Amino acid sequence: MSAPTIAPTKTKTHLDAALDYHALDWTVIPVSADKKPLDFIKWGRWRNQRQTEAEVRALPWHRAYGIALLTWPVSDLVVADFDGPHAEEAWQVKGKPLPDTARTRTRSGGKHLVYHPPAGIEQFTDDNGGKPKRKIRLIEADCDCMKDGHPKPCGVDVLVNGYFIVPPSPGYVEDPDWPLEPTNIVTIPHEVLDLARGTQGSPRKAEVSSEPNWYGEAMRGPVPQGQRNETATRLAGLLLAKGLSADYVTDTLTPWAERTCAPPMDLRELRATVQSVARREATKPTFADEPDPEPSDTVLGRFPEKAWRGIFATYREAMREATHAPEVAIFTGLWAAAAASLARRVHFYLGMEIFPNVALAVYGDTGDGKTTGTRHGVDRLRLLGDHVGVLRGSGSGEAVVDWLRGEKDAHLWYAEEYSEILIRAGWDGATIKSTITTLYDCPETFELKFRRDKDATPLTRPTLNLLVCTTPATFWKYLRDDDIESGFGNRWLYLAGDQRPTIPRPARPDEKLLAVVEEALARLTGLTPTECALAPDAEPLWDEFYRAWEAEKLQPLTRMAAKRVPQYVLKLAMLYAALEGTVPTLTAEQLVAAIMVGKYATDCADRLMRDLKPGGFRNRLEIRVQEILKHDPLPMYKIQRQVGGNVAVEDLDRTIRALDRAGMIEVIGKTPKQLPVWGRVGVDYGK
């Protein structure tokens, strides 16, 4: 039997999947719902002999709940088992990066990283050198997680001398980027196995103390009369945040009130204090019970790789070592510059003539590099001064119209902060919003109403492109819901993305590659005006996308903010075609890349309209984190424990980094295992 090229899928029967694994020379056994081998299976014999296909077929797969693979030394597989929600953060303490390898998600939400053992690996045994160990805990998180009413700390284990559960067992899913295939499996680092040998019987804790510094002092006392209520309130808040009941907390604090307080605290006063704190805790924002929005909807994926076609790919390579700006900012800067260069030379008819002009808004946290990334793209227009006019900053509606009246073919208005435009737009009598709204559609003529200069002639075929950067806080400070719904706010395409790894010493952009990019932009000015059309194989792709877009259920404000995404898909596809020399034809490949960007932009708009709006998920999470750090500095995993609810680590990490960049919180120390401890800026925790 030839080895399969892909790992088993959920659509296969257990027997089919088992045979596929067997073909890879891996030993398989059926397991029950409690993840144990079926009790009558004598699987120990395969420790010393190879499993045959006939033996695989003879196993009672009809009674199996799932499938397991035997680990080393039976199979050449060693597994790093991340068990529990705090395992990932606990592992970071060790500072031993693990190489990418095949991986699966477990039904409890953990993950299995599957490796090959290194040559010459020795047997793992118990402390007396006897029975082989099957599960060796490398590190244990200092957490309060429970299972079946008993403590079960999260941690990271090495699995050897036994088995591990694999897809298509219920709840087990392959990572699509690293499926369980031999070509994806690498050798586990020696350092990990050395760590395993050093921790047998004594797993290392991620941190020693699980309580804030003041807790021990408060419990030891003495607590004088003037501090009893305040201290009782803090202690009750800490214990209630762990999910304990008010009655349990009262009973726990009773000995403290009677013996530690001087004089003793009246127990009726203690009970009233605990009940008051419990009522306050019950009214705090939670995240599991609020359906709008779900955190899982707010996490953006990576900007589509397919978008980096042709000149865009060349430009990305030129900027690779020059900035840590988000890739989406680098892409958007070139998109705006290229659209300005192309002007009205191509169009597509979709009920009206759609031109390549854009209004792009890149949002993100302060200091993420988005402004630097977009600025580089605008600078690429330096060779096109005779064709494209660039306006930096802001101006009145009349000033913008006068600027558009020049001899340039097209114009790019670039504002490094969106508020430069929005503040002026809010002035009495301002015409900026109406001007931008009208010019987006590239009318044949445009005349500004109520202009003081009555003799000014109308603009002829004005072509305006806009590129702005902003933060969510600034965006919502100056823009209202009715701006989105009335037209101005839905002319824009909203984009965001995480910054790339920090570059301590940015290099200059690759000038040779930039010259290629600038030459491509210059060639756009020589195109003959023409109407574009979809290639025959692109037509059904567009029809499918457009119907799905119209049928997609979006929150009303998101629907309005993303209203022109289909137009932007065509605008980008036309730009690809112009740069790649296929005009007037938009190819299927160009359209697919543009559709992927359109779908990504829809997610960005949804995140901005729901999660980052005051009162949205991200905003509430920021407020909650600052509340948690009001009295005590904490590492991130303890912050997550107190936040509670369905909050992903990625969402919390993003929020903490944003608050740090905004100067709201800062690292004020490290845990014994060097995890950063976060505190609010300006708070003296020593008092």
# chains A, B, ... in the order shown; residues from 1 in each chain; ligands from 1
call {"tool": "residues_around", "arguments": {"residues": "Ala329 of chain A", "least_positions_apart": "3", "cutoff": "7 Å", "atoms": "only C-alpha atoms", "output": "list of chain:residue names"}}
result
A:Ala325, A:Pro326, A:Thr332, A:Gly333, A:Val362, A:Lys370, A:Gly373, A:Thr374
call {"tool": "write_last_selection", "arguments": {"atoms": "C-alpha atoms", "output": "CSV table (one decimal), in the first residue's frame"}}
result
chain,number,residue,atom,x,y,z
A,325,ALA,CA,4.8,48.5,9.8
A,326,PRO,CA,1.8,46.2,9.3
A,332,THR,CA,-2.3,50.2,1.1
A,333,GLY,CA,0.4,52.9,0.6
A,362,VAL,CA,-5.8,52.3,7.7
A,370,LYS,CA,1.0,52.3,10.0
A,373,GLY,CA,4.2,52.1,6.0
A,374,THR,CA,1.7,54.2,4.1
call {"tool": "closest_residue", "arguments": {"among": "A:Ala551, A:Leu439, A:Met574, A:Val625", "to": "Leu652 of chain A", "atoms": "only C-alpha atoms"}}
result
A:Val625
call {"tool": "select_by_dssp", "arguments": {"residues": "segment 382-507 of chain A", "states": "alpha helix (DSSP H)", "output": "PyMOL selection string"}}
result
chain A and resi 397-404+419-425+432-439+472-478+481-486
call {"tool": "closest_residue", "arguments": {"among": "A:Ala361, A:Leu159, A:Val274, A:Leu612", "to": "Thr252 of chain A", "atoms": "only C-alpha atoms"}}
result
A:Val274
